[in-house]
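Asker: Sharing coords04.cif (mmCIF, C-alpha atoms) below.
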data_start
loop_
_atom_site.group_PDB
_atom_site.id
_atom_site.type_symbol
_atom_site.label_atom_id
_atom_site.label_comp_id
_atom_site.auth_asym_id
_atom_site.auth_seq_id
_atom_site.Cartn_x
_atom_site.Cartn_y
_atom_site.Cartn_z
ATOM 1 C CA MET A 29 181.252 120.218 145.922
ATOM 2 C CA LYS A 30 180.065 116.851 147.139
ATOM 3 C CA ASN A 31 176.336 116.176 146.773
ATOM 4 C CA ASP A 32 175.346 114.661 150.120
ATOM 5 C CA LYS A 33 171.580 114.114 150.477
ATOM 6 C CA LYS A 34 171.820 113.839 154.263
ATOM 7 C CA SER A 35 173.015 117.436 154.536
ATOM 8 C CA GLN A 36 170.417 118.874 152.141
ATOM 9 C CA ALA A 37 167.148 120.237 153.446
ATOM 10 C CA LEU A 38 164.009 118.788 151.893
ATOM 11 C CA PHE A 39 161.351 121.242 150.710
ATOM 12 C CA TYR A 40 157.770 120.593 149.614
ATOM 13 C CA THR A 41 155.439 122.525 147.341
ATOM 14 C CA VAL A 42 152.039 123.705 148.546
ATOM 15 C CA ASN A 43 150.413 120.992 146.416
ATOM 16 C CA LYS A 44 152.557 118.250 147.949
ATOM 17 C CA VAL A 45 151.835 119.500 151.496
ATOM 18 C CA SER A 46 148.117 119.519 150.700
ATOM 19 C CA GLU A 47 148.401 115.869 149.601
ATOM 20 C CA ILE A 48 150.272 114.929 152.787
ATOM 21 C CA LEU A 49 147.720 116.720 154.983
ATOM 22 C CA GLN A 50 144.796 115.511 152.857
ATOM 23 C CA THR A 51 143.474 119.022 152.374
ATOM 24 C CA THR A 52 143.420 121.625 149.589
ATOM 25 C CA PRO A 53 146.251 123.898 148.444
ATOM 26 C CA LYS A 54 144.029 126.840 149.409
ATOM 27 C CA THR A 55 143.908 125.611 153.009
ATOM 28 C CA VAL A 56 147.698 125.221 153.094
ATOM 29 C CA ARG A 57 148.092 128.808 151.843
ATOM 30 C CA GLN A 58 145.710 129.958 154.572
ATOM 31 C CA TYR A 59 147.873 128.232 157.202
ATOM 32 C CA ILE A 60 150.872 130.084 155.741
ATOM 33 C CA ASN A 61 149.077 133.449 155.653
ATOM 34 C CA MET A 62 147.898 132.995 159.262
ATOM 35 C CA LYS A 63 151.523 132.207 160.215
ATOM 36 C CA GLN A 64 150.575 128.766 161.495
ATOM 37 C CA LEU A 65 152.819 127.073 158.922
ATOM 38 C CA SER A 66 156.241 128.510 158.097
ATOM 39 C CA ALA A 67 157.191 128.727 154.433
ATOM 40 C CA HIS A 68 159.788 130.239 152.125
ATOM 41 C CA ARG A 69 158.575 132.424 149.276
ATOM 42 C CA LEU A 70 160.298 132.022 145.916
ATOM 43 C CA PRO A 71 161.528 135.293 144.392
ATOM 44 C CA ASN A 72 160.556 134.805 140.747
ATOM 45 C CA ASN A 73 157.095 133.269 140.726
ATOM 46 C CA GLY A 74 156.070 133.967 144.317
ATOM 47 C CA GLY A 75 155.337 130.318 145.045
ATOM 48 C CA TYR A 76 155.986 128.785 148.445
ATOM 49 C CA ARG A 77 158.233 125.983 149.628
ATOM 50 C CA ILE A 78 157.780 124.353 153.023
ATOM 51 C CA SER A 79 160.709 122.645 154.700
ATOM 52 C CA GLU A 80 160.328 119.135 156.011
ATOM 53 C CA SER A 81 161.182 120.302 159.536
ATOM 54 C CA ASP A 82 158.570 123.100 159.421
ATOM 55 C CA LEU A 83 155.952 120.650 158.193
ATOM 56 C CA LYS A 84 156.780 118.202 160.999
ATOM 57 C CA SER A 85 156.544 121.022 163.570
ATOM 58 C CA PHE A 86 153.182 122.099 162.153
ATOM 59 C CA ILE A 87 151.816 118.557 162.267
ATOM 60 C CA GLY A 88 153.076 118.193 165.825
ATOM 61 C CA SER A 89 151.312 121.392 166.842
ATOM 62 C CA LEU A 90 148.000 119.918 165.677
ATOM 63 C CA ARG A 91 148.282 116.921 167.984
ATOM 64 C CA ILE A 92 145.582 116.627 170.633
ATOM 65 C CA ASP A 93 146.620 114.730 173.740
#
Could you quickly redo this structure as structure tokens?
Answerer:
Amino acid sequence: MKNDKKSQALFYTVNKVSEILQTTPKTVRQYINMKQLSAHRLPNNGGYRISESDLKSFIGSLRID
């Protein structure tokens, strides 16, 4: 199987998203729990991963025109 980065989805941890948004991991988890930010839950440790596209959509939804 060819490893092509362009076809692979990029996922972020809660900590990385909190850095990008300049907020706390707790706040990011609240966004997830309130269904404002979509995330994937990992089966073994229960952590979250947020796709790059979901993060971009979330940031776009915060825009005030």
Asker: So what do you get for CA of Ile60 (chain A) versus CA of Asp93 (chain A), distance-wise?
Answerer: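 It comes out at 24.0 Å.
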Asker: Taking the file as I've supplied it (selection: the PyMOL selection byres ((chain A and resi 86) around 12)), which residues are included? Please answer as a list in words.
Answerer: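 That expression, the PyMOL selection byres ((chain A and resi 86) around 12), corresponds here to Val45, Leu49, Val56, Tyr59, Ile60, Lys63, Gln64, Leu65, Ser66, Ala67, Ile78, Ser79, Glu80, Ser81, Asp82, Leu83, Lys84, Ser85, Ile87, Gly88, Ser89, Leu90 and Arg91 of chain A.
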Asker: CA of Arg57 (chain A) and CA of Asn72 (chain A), how far apart in Å?
Answerer: 17.7 Å
Asker: Between CA of Thr41 (chain A) and CA of Pro53 (chain A), what is the distance, to one decimal in Å?
Answerer: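 Calculated distance between CA of Thr41 (chain A) and CA of Pro53 (chain A) is 9.4 Å.
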Asker: Return the single residue from A:Leu70, A:Gln36, A:Ile92, A:Val42 that is closest to Gln58 (chain A), with distances computed using all atoms listed in the file.
Answerer: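 Distance minimum relative to Gln58 (chain A) lands on A:Val42.
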Asker: Edge lengths and centre in Å to one decimal, as AutoDock Vina command-line options, of the axis-aligned box that encloses all listed atoms of region 51-62 of chain A with 8 Å added on every side?
Answerer:
--center_x 147.1 --center_y 126.2 --center_z 153.9 --size_x 23.5 --size_y 30.4 --size_z 26.8
Asker: Looking at all atoms listed in the file, which of A:Pro71, A:Tyr76, A:Thr55, A:Asn61 is the one that sits closest to Tyr40 (chain A)?
Answerer: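 Closest candidate: A:Tyr76.
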